[in-house]
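A short write-up of the structure that comes next.
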Amino acid sequence: MTFDPVKLTGYVNFRDLGGHTTPEGRVRPRLVYRSDSLAHVEPDDVLHLVDGLGITMVVDLRREYEVEVSPLDRLEQAGVRVVHQSLIDPAVPPLQTTDIVEGTLADRYISILDTSGDQFVSVLRLVADAGNHPVVFQCAAGKDRTGLVAAIVLGLLDVDDDTITADYAATAAVTDILLARLHARAPGREPPGPRIMSADAATMHAALNWMRATYGSIAGYTEAHGFTPIEVDSLRTELVEPAG
């Protein structure tokens, strides 16, 4: 497999969670962002993130070994607080294959949701805290772990499912670039396969449906892992801009 030369610095899967419509108004813009890895930012990127967007915190969802290989040094040096909160339970071993052999990507997401409820709640508390805003949460590709956190945050704000899954599927527009970067940064490794790298709306629909079928609602899922109704109300107060 060969790839055209690709720019290895910066980020390509970065976007604002704000602007989406809710029953009460819209999600406030410029407070919460999602991204692929920010470990390879250039000085201009740091300037944009820190001076332009005012980012004060990065929540890093990657595993320990990923952080060790590609730390967020430049952002920390610029005064950004980096909080490492591995989203996947440490007891769950990393995926050893380059693609999904059994089941689907949706099954993988459901497994993460089923075993990492406490980790999701820890991330939610960081995102909900106004003192951390503007905040960005990130993983490697900004698709799977980041996508699940984004879906839960938007779901708790009562953004409709089609909007949530469209936000997730937007990653498909940059999948080829993400894949090329992964390959170029680790040329000795076989790149991830198409099932792992896919970003279909149906995949996130399945994850949302699982939370509702198992816990009654997305809020039911987070409450079962310690995120209280009062905290949900606080999240909505902070992140939802009332209509008018």
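Chain labels A, B, ... are given in the sequence in which chains occur in the structure tokens; within each chain residues are numbered consecutively from 1, and ligands are likewise numbered from 1 in the order shown.
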
Considering only C-alpha atoms, give me a table of residues in segment 20-83 of chain A that are at most 12 Å from segment 153-163 of chain A, with the closest atom pair and distance in Å for each, as CSV.
residue,atom,partner,partner_atom,distance
A:His20,CA,A:Val159,CA,6.9
A:Thr21,CA,A:Val159,CA,6.3
A:Thr22,CA,A:Val159,CA,5.0
A:Pro23,CA,A:Asp158,CA,6.9
A:Glu24,CA,A:Asp158,CA,8.8
A:Gly25,CA,A:Val159,CA,10.0
A:Arg26,CA,A:Val159,CA,8.5
A:Val27,CA,A:Leu157,CA,7.6
A:Arg28,CA,A:Leu157,CA,10.7
A:Val32,CA,A:Val153,CA,9.8
A:Tyr33,CA,A:Val153,CA,11.1
A:Arg34,CA,A:Val153,CA,11.1

key: Shell around Glu223 of chain A at 9 Å using only C-alpha atoms, local window under 5 positions removed, as an NGL selection string   = :A and (121 or 218 or 228-229 or 232)

The selected residues should be written to file as a PDB file, in the first residue's frame (atoms: N, CA and C atoms).
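Generated file (selection-v5.pdb):
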ATOM      1  N   VAL A 121     -17.813   9.431  32.686  1.00  0.00           N
ATOM      2  CA  VAL A 121     -18.291  10.408  33.659  1.00  0.00           C
ATOM      3  C   VAL A 121     -17.165  11.340  34.087  1.00  0.00           C
ATOM      4  N   ILE A 218     -29.761   8.276  27.452  1.00  0.00           N
ATOM      5  CA  ILE A 218     -28.343   8.604  27.586  1.00  0.00           C
ATOM      6  C   ILE A 218     -28.077   9.127  29.000  1.00  0.00           C
ATOM      7  N   THR A 228     -24.893  12.728  38.166  1.00  0.00           N
ATOM      8  CA  THR A 228     -26.210  12.939  38.753  1.00  0.00           C
ATOM      9  C   THR A 228     -27.105  13.819  37.886  1.00  0.00           C
ATOM     10  N   PRO A 229     -28.421  13.750  38.097  1.00  0.00           N
ATOM     11  CA  PRO A 229     -29.329  14.656  37.378  1.00  0.00           C
ATOM     12  C   PRO A 229     -28.979  16.125  37.592  1.00  0.00           C
ATOM     13  N   VAL A 232     -26.296  16.894  35.201  1.00  0.00           N
ATOM     14  CA  VAL A 232     -26.829  17.021  33.844  1.00  0.00           C
ATOM     15  C   VAL A 232     -27.451  18.396  33.663  1.00  0.00           C
TER      16      VAL A 232
END

Under the rule of at most 10 Å, produce a per-residue listing of segment 113-192 of chain A near segment 99-108 of chain A: chain, number, name, the closest pair of atoms, and the distance in Å, as a Markdown table, using only C-alpha atoms.
| residue | atom | partner | partner_atom | distance |
| --- | --- | --- | --- | --- |
| A:Leu113 | CA | A:Arg108 | CA | 8.7 |
| A:Asp114 | CA | A:Arg108 | CA | 9.8 |
| A:Asp144 | CA | A:Leu105 | CA | 9.2 |
| A:Pro191 | CA | A:Asp99 | CA | 9.0 |
| A:Pro192 | CA | A:Asp99 | CA | 5.9 |

So that I have them on file, write out the residues from the current selection with N, CA and C atoms, as a tab-separated table (two decimals), in the first residue's frame.
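Result written to result-v3.tsv:
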chain	number	residue	atom	x	y	z
A	113	LEU	N	-18.53	1.42	25.82
A	113	LEU	CA	-19.56	2.01	26.67
A	113	LEU	C	-19.85	1.11	27.88
A	114	ASP	N	-19.85	-0.18	27.64
A	114	ASP	CA	-20.21	-1.14	28.69
A	114	ASP	C	-19.14	-1.25	29.76
A	144	ASP	N	-13.23	7.68	17.29
A	144	ASP	CA	-13.89	6.65	18.09
A	144	ASP	C	-14.13	7.10	19.53
A	191	PRO	N	-1.13	-0.30	8.37
A	191	PRO	CA	-2.13	0.71	8.73
A	191	PRO	C	-3.46	0.07	9.11
A	192	PRO	N	-4.28	0.79	9.89
A	192	PRO	CA	-5.60	0.27	10.26
A	192	PRO	C	-6.44	-0.05	9.03

task = Mind the document's chain letters and residue numbers, and return as a ChimeraX atom specification the residues of segment 32-243 of chain A that DSSP labels alpha helix (DSSP H).
result = /A:43-47,64-69,73-77,105-115,117-128,145-156,161-169,175-185,194-197,201-215,218-224,229-239

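Of note, atom CA of Ala219 of chain A and atom CA of Ile152 of chain A are spaced 8.5 Å apart.
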